[in-house]
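Colleague: Input: one structure, supplied below.
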Amino acid sequence: MCFFDQHRFACGDWKWGHFRQHCNREYRIGETCGMKLIMQTVAVGQKCKLCEKIDTKMRRRTAEVDRISRWQREGSKFRASIEKAMEIIRGLDAEVYELSCERQRRLQGIGSAH
Ligand SMILES: [Zn+2]
């Protein structure tokens with residue numbers, strides 16, 4: 001059981017930080033035993049990369065939805081633009097879904113040694 005820092009992000013996600021201390025089960029110089037324990041928790045002021053990516057895409061999505069409702073008030077003039085914006089939104093939805101799946105996988109995988 002070797003000790004590592006834990007970096008906790010503003011979104012509640014976390015990752016392993018620096019290696020801090022070997023335990024007495026260390027069997028080879030320079031290697032950890034594979035069991036990670038938390039030495040200290042370091043608060044990180046921002047969200048993790050995945051959540052930041054999701055936020056960026058959600059902001060873009062909100063902007064597209066705003067554009068569509070603005071265009072819709074103009075009648076049929078912007079029909080092609082609306083179609084295009086809806087296509088962008090569908091793409092963003094798929095990307096956000098992928099990112100949240102990745103986040104879920106990471107949350108499940110981080111408990112194990114590697
Ligand atoms: Zn996160």
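Chain identifiers are assigned as A, B, and so on, following the order in which chains appear in the structure tokens; residues are numbered from 1 within each chain, and ligands are numbered from 1 in order of appearance.
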Would you list the contacts of Ile89 of chain A as a list of chain:residue names, taking every protein, DNA or RNA residue within 9 Å and counting only C-alpha atoms, but skipping same-chain residues closer than 6 positions in sequence?
Modeller: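 Here the answer would be A:Arg60, A:Arg61, A:Thr62, A:Glu64, A:Val65.
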Colleague: Enumerate, as a short mmCIF file (atom, residue, chain, number, x, y, z; two decimals) with all heavy atoms, in the first residue's frame, the complete set of residues in segment 7-99 of chain A that a backbone-based DSSP assignment places in strand (DSSP E).
Modeller:
```
data_model
loop_
_atom_site.label_atom_id
_atom_site.label_comp_id
_atom_site.auth_asym_id
_atom_site.auth_seq_id
_atom_site.Cartn_x
_atom_site.Cartn_y
_atom_site.Cartn_z
N HIS A 7 -5.87 14.36 -6.22
CA HIS A 7 -6.30 15.67 -6.70
C HIS A 7 -7.81 15.66 -6.86
O HIS A 7 -8.34 14.88 -7.65
CB HIS A 7 -5.63 16.03 -8.02
CG HIS A 7 -4.17 16.31 -7.88
ND1 HIS A 7 -3.40 16.81 -8.90
CD2 HIS A 7 -3.34 16.20 -6.80
CE1 HIS A 7 -2.14 16.98 -8.46
NE2 HIS A 7 -2.09 16.60 -7.21
N ARG A 8 -8.48 16.49 -6.11
CA ARG A 8 -9.94 16.55 -6.21
C ARG A 8 -10.35 17.83 -6.93
O ARG A 8 -10.00 18.93 -6.53
CB ARG A 8 -10.58 16.49 -4.83
CG ARG A 8 -12.10 16.42 -4.87
CD ARG A 8 -12.69 16.07 -3.53
NE ARG A 8 -12.48 14.66 -3.19
CZ ARG A 8 -13.25 13.66 -3.64
NH1 ARG A 8 -14.26 13.90 -4.44
NH2 ARG A 8 -13.01 12.41 -3.29
N TRP A 14 -11.88 13.13 -9.41
CA TRP A 14 -10.52 13.20 -8.88
C TRP A 14 -9.59 12.31 -9.65
O TRP A 14 -10.02 11.46 -10.44
CB TRP A 14 -10.51 12.84 -7.39
CG TRP A 14 -10.96 11.45 -7.07
CD1 TRP A 14 -12.25 11.02 -6.98
CD2 TRP A 14 -10.13 10.32 -6.81
NE1 TRP A 14 -12.27 9.69 -6.67
CE2 TRP A 14 -10.98 9.23 -6.55
CE3 TRP A 14 -8.74 10.14 -6.75
CZ2 TRP A 14 -10.49 7.98 -6.25
CZ3 TRP A 14 -8.25 8.88 -6.44
CH2 TRP A 14 -9.13 7.81 -6.19
N LYS A 15 -8.32 12.54 -9.48
CA LYS A 15 -7.32 11.67 -10.08
C LYS A 15 -6.16 11.51 -9.11
O LYS A 15 -6.00 12.31 -8.18
CB LYS A 15 -6.84 12.25 -11.41
CG LYS A 15 -6.06 13.54 -11.25
CD LYS A 15 -5.37 13.94 -12.55
CE LYS A 15 -4.46 15.15 -12.30
NZ LYS A 15 -3.78 15.63 -13.46
N TRP A 16 -5.33 10.50 -9.36
CA TRP A 16 -4.16 10.32 -8.53
C TRP A 16 -3.13 11.37 -8.87
O TRP A 16 -2.91 11.70 -10.04
CB TRP A 16 -3.56 8.93 -8.75
CG TRP A 16 -4.39 7.82 -8.20
CD1 TRP A 16 -5.10 6.89 -8.90
CD2 TRP A 16 -4.63 7.54 -6.82
NE1 TRP A 16 -5.76 6.06 -8.05
CE2 TRP A 16 -5.48 6.42 -6.77
CE3 TRP A 16 -4.20 8.11 -5.62
CZ2 TRP A 16 -5.92 5.87 -5.56
CZ3 TRP A 16 -4.63 7.57 -4.43
CH2 TRP A 16 -5.48 6.46 -4.40
N GLY A 17 -2.47 11.90 -7.82
CA GLY A 17 -1.42 12.89 -8.03
C GLY A 17 -0.05 12.26 -7.85
O GLY A 17 0.18 11.11 -8.24
N HIS A 18 0.85 13.01 -7.25
CA HIS A 18 2.23 12.55 -7.09
C HIS A 18 2.33 11.37 -6.14
O HIS A 18 1.61 11.27 -5.16
CB HIS A 18 3.10 13.68 -6.55
CG HIS A 18 3.26 14.80 -7.51
ND1 HIS A 18 3.91 14.65 -8.71
CD2 HIS A 18 2.83 16.08 -7.46
CE1 HIS A 18 3.88 15.81 -9.35
NE2 HIS A 18 3.24 16.69 -8.63
N PHE A 19 3.28 10.51 -6.44
CA PHE A 19 3.63 9.44 -5.50
C PHE A 19 4.34 10.07 -4.31
O PHE A 19 5.17 10.96 -4.48
CB PHE A 19 4.54 8.44 -6.21
CG PHE A 19 5.26 7.54 -5.25
CD1 PHE A 19 4.58 6.52 -4.63
CD2 PHE A 19 6.59 7.74 -4.96
CE1 PHE A 19 5.23 5.69 -3.72
CE2 PHE A 19 7.24 6.92 -4.06
CZ PHE A 19 6.56 5.90 -3.44
N ARG A 20 4.01 9.64 -3.09
CA ARG A 20 4.60 10.25 -1.89
C ARG A 20 5.48 9.30 -1.08
O ARG A 20 6.54 9.69 -0.64
CB ARG A 20 3.49 10.81 -1.00
CG ARG A 20 2.81 12.04 -1.54
CD ARG A 20 3.77 13.19 -1.68
NE ARG A 20 3.13 14.33 -2.35
CZ ARG A 20 3.79 15.34 -2.87
NH1 ARG A 20 5.09 15.37 -2.80
NH2 ARG A 20 3.15 16.31 -3.47
N GLN A 21 5.02 8.10 -0.88
CA GLN A 21 5.73 7.27 0.10
C GLN A 21 5.52 5.79 -0.15
O GLN A 21 4.39 5.34 -0.38
CB GLN A 21 5.20 7.63 1.50
CG GLN A 21 6.08 7.18 2.63
CD GLN A 21 5.48 7.61 3.95
OE1 GLN A 21 5.32 8.82 4.19
NE2 GLN A 21 5.11 6.67 4.78
N LYS A 36 -2.79 1.60 -4.15
CA LYS A 36 -2.65 3.03 -3.89
C LYS A 36 -3.50 3.46 -2.70
O LYS A 36 -4.68 3.11 -2.61
CB LYS A 36 -3.08 3.83 -5.12
CG LYS A 36 -2.08 3.75 -6.27
CD LYS A 36 -2.56 4.56 -7.44
CE LYS A 36 -1.50 4.63 -8.53
NZ LYS A 36 -1.99 5.41 -9.69
N LEU A 37 -2.89 4.22 -1.83
CA LEU A 37 -3.63 4.84 -0.73
C LEU A 37 -3.43 6.35 -0.79
O LEU A 37 -2.41 6.82 -1.31
CB LEU A 37 -3.14 4.32 0.61
CG LEU A 37 -3.57 2.90 0.99
CD1 LEU A 37 -3.10 2.59 2.40
CD2 LEU A 37 -5.07 2.73 0.91
N ILE A 38 -4.39 7.07 -0.23
CA ILE A 38 -4.31 8.53 -0.30
C ILE A 38 -3.45 9.07 0.82
O ILE A 38 -3.67 8.78 2.00
CB ILE A 38 -5.73 9.13 -0.20
CG1 ILE A 38 -6.56 8.70 -1.42
CG2 ILE A 38 -5.67 10.66 -0.13
CD1 ILE A 38 -8.05 8.94 -1.24
N MET A 39 -2.45 9.85 0.45
CA MET A 39 -1.59 10.51 1.42
C MET A 39 -2.25 11.81 1.86
O MET A 39 -2.41 12.07 3.04
CB MET A 39 -0.24 10.81 0.77
CG MET A 39 0.78 11.45 1.68
SD MET A 39 1.65 10.21 2.63
CE MET A 39 2.84 11.23 3.47
N GLN A 40 -2.61 12.62 0.89
CA GLN A 40 -3.33 13.87 1.19
C GLN A 40 -4.18 14.24 -0.02
O GLN A 40 -3.87 13.86 -1.14
CB GLN A 40 -2.34 14.99 1.51
CG GLN A 40 -1.39 15.29 0.36
CD GLN A 40 -0.51 16.51 0.63
OE1 GLN A 40 -0.81 17.31 1.49
NE2 GLN A 40 0.56 16.64 -0.14
N THR A 41 -5.24 14.97 0.26
CA THR A 41 -6.11 15.41 -0.83
C THR A 41 -5.79 16.86 -1.17
O THR A 41 -5.74 17.71 -0.28
CB THR A 41 -7.59 15.29 -0.41
OG1 THR A 41 -7.85 13.92 -0.10
CG2 THR A 41 -8.51 15.71 -1.53
N VAL A 42 -5.53 17.09 -2.44
CA VAL A 42 -5.22 18.43 -2.91
C VAL A 42 -6.43 18.95 -3.68
O VAL A 42 -6.85 18.34 -4.67
CB VAL A 42 -3.98 18.41 -3.84
CG1 VAL A 42 -3.63 19.82 -4.30
CG2 VAL A 42 -2.80 17.76 -3.13
N ALA A 43 -7.00 20.06 -3.21
CA ALA A 43 -8.16 20.62 -3.90
C ALA A 43 -7.70 21.40 -5.14
O ALA A 43 -6.80 22.22 -5.06
CB ALA A 43 -8.92 21.55 -2.96
#
```
Colleague: May I ask which of the residues A:Met86, A:Ala63, A:Leu92, A:Leu50 is the closest one to Arg105 of chain A, counting only C-alpha atoms?
Modeller: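 Nearest candidate to Arg105 of chain A out of A:Met86, A:Ala63, A:Leu92, A:Leu50: A:Leu50.
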Colleague: Counting only C-alpha atoms and all ligand atoms, what residues are within 7 Å of ligand 1, given as a PyMOL selection string?
Modeller: chain A and resi 9+11-13+47-51
Colleague: Please write the residues from the selection above to a file, keeping C-alpha atoms, as a JSON list (two decimals), in the first residue's frame.
Modeller:
```
[["chain", "number", "residue", "atom", "x", "y", "z"],
["A", 9, "PHE", "CA", -11.51, 18.78, -8.85],
["A", 11, "CYS", "CA", -16.71, 18.99, -10.20],
["A", 12, "GLY", "CA", -16.12, 16.28, -7.59],
["A", 13, "ASP", "CA", -14.04, 14.07, -9.91],
["A", 47, "LYS", "CA", -13.21, 21.19, -13.05],
["A", 48, "CYS", "CA", -11.53, 18.15, -14.57],
["A", 49, "LYS", "CA", -10.67, 18.18, -18.30],
["A", 50, "LEU", "CA", -13.65, 16.01, -19.22],
["A", 51, "CYS", "CA", -16.16, 18.17, -17.35]]
```
Colleague: To one decimal place in Å, what is the distance between atom CA of Cys2 of chain A and atom CA of Thr32 of chain A?
Modeller: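 Between these atoms lies a distance of 6.1 Å.
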Colleague: So that I can check the surroundings of Val96 of chain A, please list as a ChimeraX atom specification every protein, DNA and RNA residue that reaches within 12 Å of it, counting only C-alpha atoms and ignoring chain neighbours fewer than 2 positions away.
Modeller: /A:50-61,89-94,98-103
Colleague: Which residue out of A:Gly109, A:Ile82, A:Arg25, A:Gly34 has the minimum interatomic distance to Asp66 of chain A when only C-alpha atoms are used?
Modeller: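 Among the listed residues, A:Ile82 lies closest to Asp66 of chain A.
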Colleague: Name the residues in contact with Glu83 of chain A at a cut-off of 12 Å, using only C-alpha atoms, excluding same-chain residues fewer than 4 positions from it; report them as a PDB file with N, CA and C atoms, in the first residue's frame.
Modeller:
```pdb
ATOM      1  N   GLU A  64     -26.514  27.740 -29.781  1.00  0.00           N
ATOM      2  CA  GLU A  64     -27.213  27.306 -30.996  1.00  0.00           C
ATOM      3  C   GLU A  64     -28.726  27.325 -30.790  1.00  0.00           C
ATOM      4  N   VAL A  65     -29.174  26.874 -29.600  1.00  0.00           N
ATOM      5  CA  VAL A  65     -30.613  26.880 -29.296  1.00  0.00           C
ATOM      6  C   VAL A  65     -31.132  28.314 -29.307  1.00  0.00           C
ATOM      7  N   ARG A  67     -29.907  30.820 -31.011  1.00  0.00           N
ATOM      8  CA  ARG A  67     -29.946  31.248 -32.404  1.00  0.00           C
ATOM      9  C   ARG A  67     -31.199  30.730 -33.103  1.00  0.00           C
ATOM     10  N   ILE A  68     -31.509  29.471 -32.860  1.00  0.00           N
ATOM     11  CA  ILE A  68     -32.680  28.866 -33.507  1.00  0.00           C
ATOM     12  C   ILE A  68     -33.958  29.592 -33.099  1.00  0.00           C
ATOM     13  N   TRP A  71     -34.135  32.851 -34.847  1.00  0.00           N
ATOM     14  CA  TRP A  71     -34.452  32.669 -36.267  1.00  0.00           C
ATOM     15  C   TRP A  71     -35.910  32.286 -36.474  1.00  0.00           C
ATOM     16  N   GLN A  72     -36.432  31.485 -35.526  1.00  0.00           N
ATOM     17  CA  GLN A  72     -37.811  31.007 -35.681  1.00  0.00           C
ATOM     18  C   GLN A  72     -38.819  32.147 -35.610  1.00  0.00           C
ATOM     19  N   SER A  76     -39.994  31.959 -41.955  1.00  0.00           N
ATOM     20  CA  SER A  76     -39.330  30.877 -42.696  1.00  0.00           C
ATOM     21  C   SER A  76     -38.010  31.329 -43.340  1.00  0.00           C
ATOM     22  N   LYS A  77     -37.628  32.578 -43.113  1.00  0.00           N
ATOM     23  CA  LYS A  77     -36.467  33.155 -43.789  1.00  0.00           C
ATOM     24  C   LYS A  77     -35.179  32.372 -43.524  1.00  0.00           C
ATOM     25  N   PHE A  78     -35.049  31.854 -42.289  1.00  0.00           N
ATOM     26  CA  PHE A  78     -33.774  31.242 -41.895  1.00  0.00           C
ATOM     27  C   PHE A  78     -33.850  29.717 -41.819  1.00  0.00           C
ATOM     28  N   ARG A  79     -34.723  29.140 -42.646  1.00  0.00           N
ATOM     29  CA  ARG A  79     -34.954  27.700 -42.497  1.00  0.00           C
ATOM     30  C   ARG A  79     -33.670  26.888 -42.666  1.00  0.00           C
ATOM     31  N   GLU A  87     -28.430  20.412 -36.840  1.00  0.00           N
ATOM     32  CA  GLU A  87     -27.426  19.393 -37.128  1.00  0.00           C
ATOM     33  C   GLU A  87     -26.250  19.511 -36.156  1.00  0.00           C
ATOM     34  N   ILE A  88     -25.822  20.756 -35.909  1.00  0.00           N
ATOM     35  CA  ILE A  88     -24.734  21.001 -34.956  1.00  0.00           C
ATOM     36  C   ILE A  88     -25.120  20.504 -33.567  1.00  0.00           C
ATOM     37  N   ILE A  89     -26.366  20.790 -33.169  1.00  0.00           N
ATOM     38  CA  ILE A  89     -26.834  20.372 -31.837  1.00  0.00           C
ATOM     39  C   ILE A  89     -26.824  18.847 -31.718  1.00  0.00           C
ATOM     40  N   ARG A  90     -27.268  18.176 -32.779  1.00  0.00           N
ATOM     41  CA  ARG A  90     -27.249  16.701 -32.749  1.00  0.00           C
ATOM     42  C   ARG A  90     -25.817  16.193 -32.566  1.00  0.00           C
TER      43      ARG A  90
END
```
Colleague: Give me, please, the distance in Å between atom CA of Met1 of chain A and atom CA of Val44 of chain A, quoted to one decimal.
Modeller: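 Result for atom CA of Met1 of chain A versus atom CA of Val44 of chain A: 24.4 Å, one decimal.
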Colleague: Quick check for you: according to DSSP on this backbone, which residues of segment 16-88 of chain A are classed as helix (DSSP H, G or I)? Reply as an MDAnalysis selection string.
Modeller: chainID A and resid 49:73 79:88
